[in-house]
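Novice: Just passing along the structure, written as structure tokens.
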Protein chains: 2
Amino acid sequence: MRVSELVERSGVPLPTVKYYLREGLLMPGTATSATRAEYGDAHVRRLVLIKALAGLGITIPRIKAILALIDDPGDELFEALGAAIAALPPYADVADVDGDFPRARAVIDQLGWMYDPGYAAVGQLERALAAAESVGMPMTSKQAKAYGRHVMGIAEAEVAGMSTDSPRAAIEYAVIGTAIYEPVIAALRRLAHQTRAARLLDTTPKPT
Amino acid sequence: MRVSELVERSGVPLPTVKYYLREGLLMPGTATSATRAEYGDAHVRRLVLIKALAGLGITIPRIKAILALIDDPGDELFEALGAAIAALPPYADVADVDGDFPRARAVIDQLGWMYDPGYAAVGQLERALAAAESVGMPMTSKQAKAYGRHVMGIAEAEVAGMSTDSPRAAIEYAVIGTAIYEPVIAALRRLAHQTRAARLLDTTPKPT
């Protein structure tokens, strides 16, 4: 297809497409003349992916890092998945976090999950738990048990949908699924709170 | 206590305490002389709350709105809860969202939850679902069922911990719990993915 169709199908404006080409985020098309090139479905797919990542506020260098892992995951898919997810926000400010992640480690141990201090989500959990503690709402082990059970239920359903045939597809799925479904889950949680609170407040005396 | 102790116990620096006093976010202490005032535990608690909300990037006017609802929730706790939660990020850009929230409504109907288009989380869900659709990962009804079940499990545990005796305490709990535990759940989900993916990739042939 021509670049005009690429623009139309991806929803990415022409100047942005040119910028991504210059920056090496989008692979060049096949030149058909000095000023024309042909593009394919892989270009549309790549543009949609870049657009989604940019829409999450991820910087161009980090998008480049994610795309490099998709294009060349290396021999260890599991390592490549971890590196790609680490390029997503939030970015833990290491200075904020206790070096050995005591709160995160305790929770992960309690749940019997994998503990890998090199994985960015461990620092994220440590920071989030420290914040909860600082406002007087530390996570109890009863809470950790409930969260662990339900979050693992979500993760099981999500990971089951990941194809492991193609490392490229697996990383794309993991990166997009992680980032795009985070706000879905957050919004659903607020709606579930509303539904529960409505039931709770209907069955208890109204406060005055 | 003196203001110096208030600074120490809340962890909020003196210039910031003075700023919150001037802006009316922190209630004044009891004057004991022309230049001195006494503060109590309620001031420490209020400062910790303001600090937590400011740390989430919430602007001073929005913090003021939340505090006003905590101080005077009115007769309808349920309404006050909704208004307080609506002051938390993310702020839906109404222009982005289809007016009648078709995607969100379909999911809420499927789950049998409360549908209230005036509640900010409905617009948030609509926007999040539209984003998932735009990258070719629309939420299926099977997925909605799994998410709904597990997210409601989380919400049940959380709402059960909310005291409805005092509207003030209920709103504080809801605002802080919603905002502070969102990153906890997001980090736990990434860790659960890692644990599941490790199991999955151990039991299937390594991709080459």
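If you're wondering about the labels, chains in the structure tokens are A, B, ... by order shown, residues count from 1 in each chain, ligands from 1 in order shown.
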Please find the residues of chain B near chain A - the criterion being any atom within 6 Å, counting only C-alpha atoms - and write them as a list in words.
Specialist: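 Every residue of chain B that passes the 6 Å test is in Trp113, Met114, Ala121, Gln124, Leu125, Ala128, Ala132, His150, Val151, Met152, Ala155, Ile180, Pro183, Val184, Ala187, Arg189, Ala192, His193 and Thr195 of chain B.
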Novice: If you keep N, CA, C and O atoms, can you produce a file of those selected residues as a compact mmCIF listing (two decimals), in the first residue's frame?
Specialist:
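Full text of part10.txt as output:
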```txt
# COMPACT_ATOMS: atom_id res chain seq x y z
N TRP B 113 -23.85 -5.15 37.38
CA TRP B 113 -23.44 -4.13 38.33
C TRP B 113 -24.29 -2.88 38.16
O TRP B 113 -25.07 -2.77 37.23
N MET B 114 -24.07 -1.93 39.07
CA MET B 114 -24.81 -0.67 39.04
C MET B 114 -24.31 0.21 37.89
O MET B 114 -23.09 0.39 37.74
N ALA B 121 -16.07 6.74 36.91
CA ALA B 121 -15.43 5.48 36.50
C ALA B 121 -16.07 4.88 35.26
O ALA B 121 -15.43 4.09 34.56
N GLN B 124 -14.20 6.38 32.50
CA GLN B 124 -12.85 5.81 32.52
C GLN B 124 -12.84 4.42 31.89
O GLN B 124 -11.94 4.08 31.12
N LEU B 125 -13.85 3.61 32.22
CA LEU B 125 -13.92 2.27 31.65
C LEU B 125 -14.15 2.35 30.14
O LEU B 125 -13.49 1.64 29.38
N ALA B 128 -10.89 3.24 28.51
CA ALA B 128 -9.92 2.14 28.58
C ALA B 128 -10.30 1.02 27.61
O ALA B 128 -9.43 0.43 26.95
N ALA B 132 -8.23 -0.41 24.28
CA ALA B 132 -7.92 -1.83 24.05
C ALA B 132 -8.39 -2.26 22.66
O ALA B 132 -7.69 -3.00 21.96
N HIS B 150 -13.18 -11.55 39.64
CA HIS B 150 -12.02 -11.33 40.51
C HIS B 150 -11.97 -9.90 41.05
O HIS B 150 -11.59 -9.68 42.19
N VAL B 151 -12.36 -8.93 40.23
CA VAL B 151 -12.33 -7.55 40.71
C VAL B 151 -13.41 -7.36 41.78
O VAL B 151 -13.18 -6.67 42.78
N MET B 152 -14.56 -8.01 41.61
CA MET B 152 -15.59 -7.91 42.65
C MET B 152 -15.10 -8.57 43.94
O MET B 152 -15.38 -8.08 45.04
N ALA B 155 -13.04 -5.97 45.55
CA ALA B 155 -13.87 -4.88 46.07
C ALA B 155 -14.63 -5.30 47.32
O ALA B 155 -14.79 -4.52 48.26
N ILE B 180 -4.45 4.65 46.84
CA ILE B 180 -3.18 4.08 47.32
C ILE B 180 -3.04 2.61 46.92
O ILE B 180 -1.94 2.14 46.68
N PRO B 183 -1.88 1.21 42.67
CA PRO B 183 -0.54 0.74 42.27
C PRO B 183 -0.13 -0.57 42.93
O PRO B 183 0.66 -1.32 42.34
N VAL B 184 -0.66 -0.87 44.12
CA VAL B 184 -0.36 -2.16 44.76
C VAL B 184 -0.90 -3.28 43.87
O VAL B 184 -0.20 -4.25 43.56
N ALA B 187 1.05 -3.64 40.58
CA ALA B 187 2.35 -4.31 40.76
C ALA B 187 2.15 -5.80 41.01
O ALA B 187 2.87 -6.64 40.45
N ARG B 189 -0.24 -7.62 39.93
CA ARG B 189 -0.64 -8.26 38.67
C ARG B 189 0.59 -8.58 37.82
O ARG B 189 0.70 -9.66 37.24
N ALA B 192 2.25 -11.53 39.33
CA ALA B 192 1.49 -12.76 39.06
C ALA B 192 1.72 -13.23 37.63
O ALA B 192 1.88 -14.42 37.36
N HIS B 193 1.79 -12.27 36.69
CA HIS B 193 2.11 -12.61 35.30
C HIS B 193 3.45 -13.34 35.23
O HIS B 193 3.60 -14.32 34.52
N THR B 195 5.07 -14.97 37.55
CA THR B 195 4.99 -16.31 38.15
C THR B 195 4.31 -17.29 37.19
O THR B 195 4.78 -18.40 36.97
```
Novice: Would you give me, as an MDAnalysis selection string, the residues in region 8-187 of chain A that DSSP reads as alpha helix (DSSP H)?
Specialist: chainID A and resid 8:10 14:23 41:55 60:71 77:86 102:111 120:134 141:160 167:187
Novice: Could you list, as a ChimeraX atom specification, every residue within 10 Å of Ile66 (chain A), counting only C-alpha atoms and ignoring same-chain residues fewer than 4 positions away?
Specialist: /A:50,53,60-62,70-73,80-81,83-88,171-172,175
Novice: With N, CA and C atoms retained, write the just-selected residues as a PDB file, in the first residue's frame.
Specialist:
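Output contents, as saved in again20.pdb:
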```pdb
ATOM      1  N   ILE A  50       3.093   1.357  18.129  1.00  0.00           N
ATOM      2  CA  ILE A  50       3.830   2.565  18.543  1.00  0.00           C
ATOM      3  C   ILE A  50       2.855   3.612  19.089  1.00  0.00           C
ATOM      4  N   LEU A  53       1.669   2.681  22.557  1.00  0.00           N
ATOM      5  CA  LEU A  53       2.709   2.885  23.578  1.00  0.00           C
ATOM      6  C   LEU A  53       2.928   4.378  23.813  1.00  0.00           C
ATOM      7  N   ILE A  60      10.054   7.899  23.374  1.00  0.00           N
ATOM      8  CA  ILE A  60      10.565   7.261  22.152  1.00  0.00           C
ATOM      9  C   ILE A  60      11.719   6.287  22.440  1.00  0.00           C
ATOM     10  N   PRO A  61      12.711   6.659  23.270  1.00  0.00           N
ATOM     11  CA  PRO A  61      13.781   5.677  23.518  1.00  0.00           C
ATOM     12  C   PRO A  61      13.274   4.387  24.162  1.00  0.00           C
ATOM     13  N   ARG A  62      12.279   4.516  25.051  1.00  0.00           N
ATOM     14  CA  ARG A  62      11.749   3.298  25.689  1.00  0.00           C
ATOM     15  C   ARG A  62      10.934   2.472  24.698  1.00  0.00           C
ATOM     16  N   ILE A  70      10.954  -7.005  20.726  1.00  0.00           N
ATOM     17  CA  ILE A  70       9.965  -7.715  19.912  1.00  0.00           C
ATOM     18  C   ILE A  70      10.642  -8.268  18.654  1.00  0.00           C
ATOM     19  N   ASP A  71      11.505  -7.446  18.054  1.00  0.00           N
ATOM     20  CA  ASP A  71      12.156  -7.858  16.806  1.00  0.00           C
ATOM     21  C   ASP A  71      13.234  -8.907  17.033  1.00  0.00           C
ATOM     22  N   ASP A  72      13.866  -8.847  18.190  1.00  0.00           N
ATOM     23  CA  ASP A  72      14.931  -9.805  18.459  1.00  0.00           C
ATOM     24  C   ASP A  72      14.918 -10.185  19.937  1.00  0.00           C
ATOM     25  N   PRO A  73      14.008 -11.102  20.301  1.00  0.00           N
ATOM     26  CA  PRO A  73      13.854 -11.463  21.718  1.00  0.00           C
ATOM     27  C   PRO A  73      15.027 -12.275  22.252  1.00  0.00           C
ATOM     28  N   ALA A  80      13.264 -11.789  27.934  1.00  0.00           N
ATOM     29  CA  ALA A  80      12.839 -10.716  27.023  1.00  0.00           C
ATOM     30  C   ALA A  80      11.505 -10.133  27.488  1.00  0.00           C
ATOM     31  N   LEU A  81      10.598 -11.006  27.956  1.00  0.00           N
ATOM     32  CA  LEU A  81       9.312 -10.530  28.474  1.00  0.00           C
ATOM     33  C   LEU A  81       9.541  -9.585  29.656  1.00  0.00           C
ATOM     34  N   ALA A  83      12.199  -7.822  30.410  1.00  0.00           N
ATOM     35  CA  ALA A  83      12.844  -6.579  29.986  1.00  0.00           C
ATOM     36  C   ALA A  83      11.839  -5.656  29.297  1.00  0.00           C
ATOM     37  N   ALA A  84      10.941  -6.241  28.503  1.00  0.00           N
ATOM     38  CA  ALA A  84       9.944  -5.424  27.800  1.00  0.00           C
ATOM     39  C   ALA A  84       8.965  -4.796  28.797  1.00  0.00           C
ATOM     40  N   ILE A  85       8.513  -5.579  29.772  1.00  0.00           N
ATOM     41  CA  ILE A  85       7.573  -5.063  30.780  1.00  0.00           C
ATOM     42  C   ILE A  85       8.250  -3.967  31.618  1.00  0.00           C
ATOM     43  N   ALA A  86       9.543  -4.117  31.851  1.00  0.00           N
ATOM     44  CA  ALA A  86      10.272  -3.124  32.656  1.00  0.00           C
ATOM     45  C   ALA A  86      10.339  -1.766  31.952  1.00  0.00           C
ATOM     46  N   ALA A  87      10.120  -1.744  30.641  1.00  0.00           N
ATOM     47  CA  ALA A  87      10.152  -0.475  29.907  1.00  0.00           C
ATOM     48  C   ALA A  87       8.830   0.284  30.031  1.00  0.00           C
ATOM     49  N   LEU A  88       7.833  -0.340  30.646  1.00  0.00           N
ATOM     50  CA  LEU A  88       6.530   0.328  30.827  1.00  0.00           C
ATOM     51  C   LEU A  88       6.526   1.152  32.113  1.00  0.00           C
ATOM     52  N   ILE A 171       5.577 -11.235  23.188  1.00  0.00           N
ATOM     53  CA  ILE A 171       6.032  -9.986  23.810  1.00  0.00           C
ATOM     54  C   ILE A 171       5.052  -8.861  23.504  1.00  0.00           C
ATOM     55  N   GLU A 172       4.579  -8.804  22.264  1.00  0.00           N
ATOM     56  CA  GLU A 172       3.582  -7.788  21.912  1.00  0.00           C
ATOM     57  C   GLU A 172       2.346  -7.917  22.809  1.00  0.00           C
ATOM     58  N   VAL A 175       3.208  -6.849  26.497  1.00  0.00           N
ATOM     59  CA  VAL A 175       3.419  -5.409  26.669  1.00  0.00           C
ATOM     60  C   VAL A 175       2.092  -4.662  26.554  1.00  0.00           C
TER      61      VAL A 175
END
```
Novice: Got a sec to tell me which of region 5-191 of chain B DSSP assigns to strand (DSSP E), as JSON, numbers by chain?
Specialist: {"B": [30, 31, 37, 38]}
Novice: Would you output that residue set with N, CA and C atoms, as a PDB file, in the first residue's frame?
Specialist:
```pdb
ATOM      1  N   THR B  30      -5.143  26.183  67.745  1.00  0.00           N
ATOM      2  CA  THR B  30      -5.685  27.078  68.762  1.00  0.00           C
ATOM      3  C   THR B  30      -4.584  28.061  69.167  1.00  0.00           C
ATOM      4  N   ALA B  31      -4.833  29.363  68.944  1.00  0.00           N
ATOM      5  CA  ALA B  31      -3.801  30.363  69.232  1.00  0.00           C
ATOM      6  C   ALA B  31      -3.514  30.398  70.730  1.00  0.00           C
ATOM      7  N   ALA B  37       0.605  28.637  68.204  1.00  0.00           N
ATOM      8  CA  ALA B  37      -0.676  27.931  68.204  1.00  0.00           C
ATOM      9  C   ALA B  37      -0.431  26.489  68.601  1.00  0.00           C
ATOM     10  N   GLU B  38      -1.464  25.878  69.143  1.00  0.00           N
ATOM     11  CA  GLU B  38      -1.412  24.478  69.534  1.00  0.00           C
ATOM     12  C   GLU B  38      -2.142  23.631  68.493  1.00  0.00           C
TER      13      GLU B  38
END
```
Novice: Identify, on the basis of only C-alpha atoms, every residue whose closest approach to Arg2 (chain B) does not exceed 10 Å; exclude the query and any residue fewer than 3 positions from it along the same chain; express the result as a count of residues only.
Specialist: 9
Novice: Restricting the calculation to only C-alpha atoms, which member of A:Gly99, A:Leu67, A:Ala54, A:Arg168 is positioned closest to Thr16 (chain A)?
Specialist: A:Ala54
Novice: Would you mind telling me which residue in A:Gly118, A:Thr140, A:Pro89, A:Met1 lies nearest to Ala106 (chain A) when using only C-alpha atoms?
Specialist: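 Closest to Ala106 (chain A), using only C-alpha atoms: A:Thr140.
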Novice: Let me make sure I understand: among B:Lys64, B:Arg46, B:Lys18, B:Arg103, which one has the smallest atom-to-atom distance to Val3 (chain B) if we use only C-alpha atoms?
Specialist: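 Checking each of B:Lys64, B:Arg46, B:Lys18, B:Arg103 against Val3 (chain B), counting only C-alpha atoms, the winner is B:Lys18.
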Novice: Suppose you want the space between CA of Glu8 (chain B) and CA of Asp41 (chain B); what is it in Å?
Specialist: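 Answer for the CA of Glu8 (chain B) to CA of Asp41 (chain B) separation: 12.5 Å.
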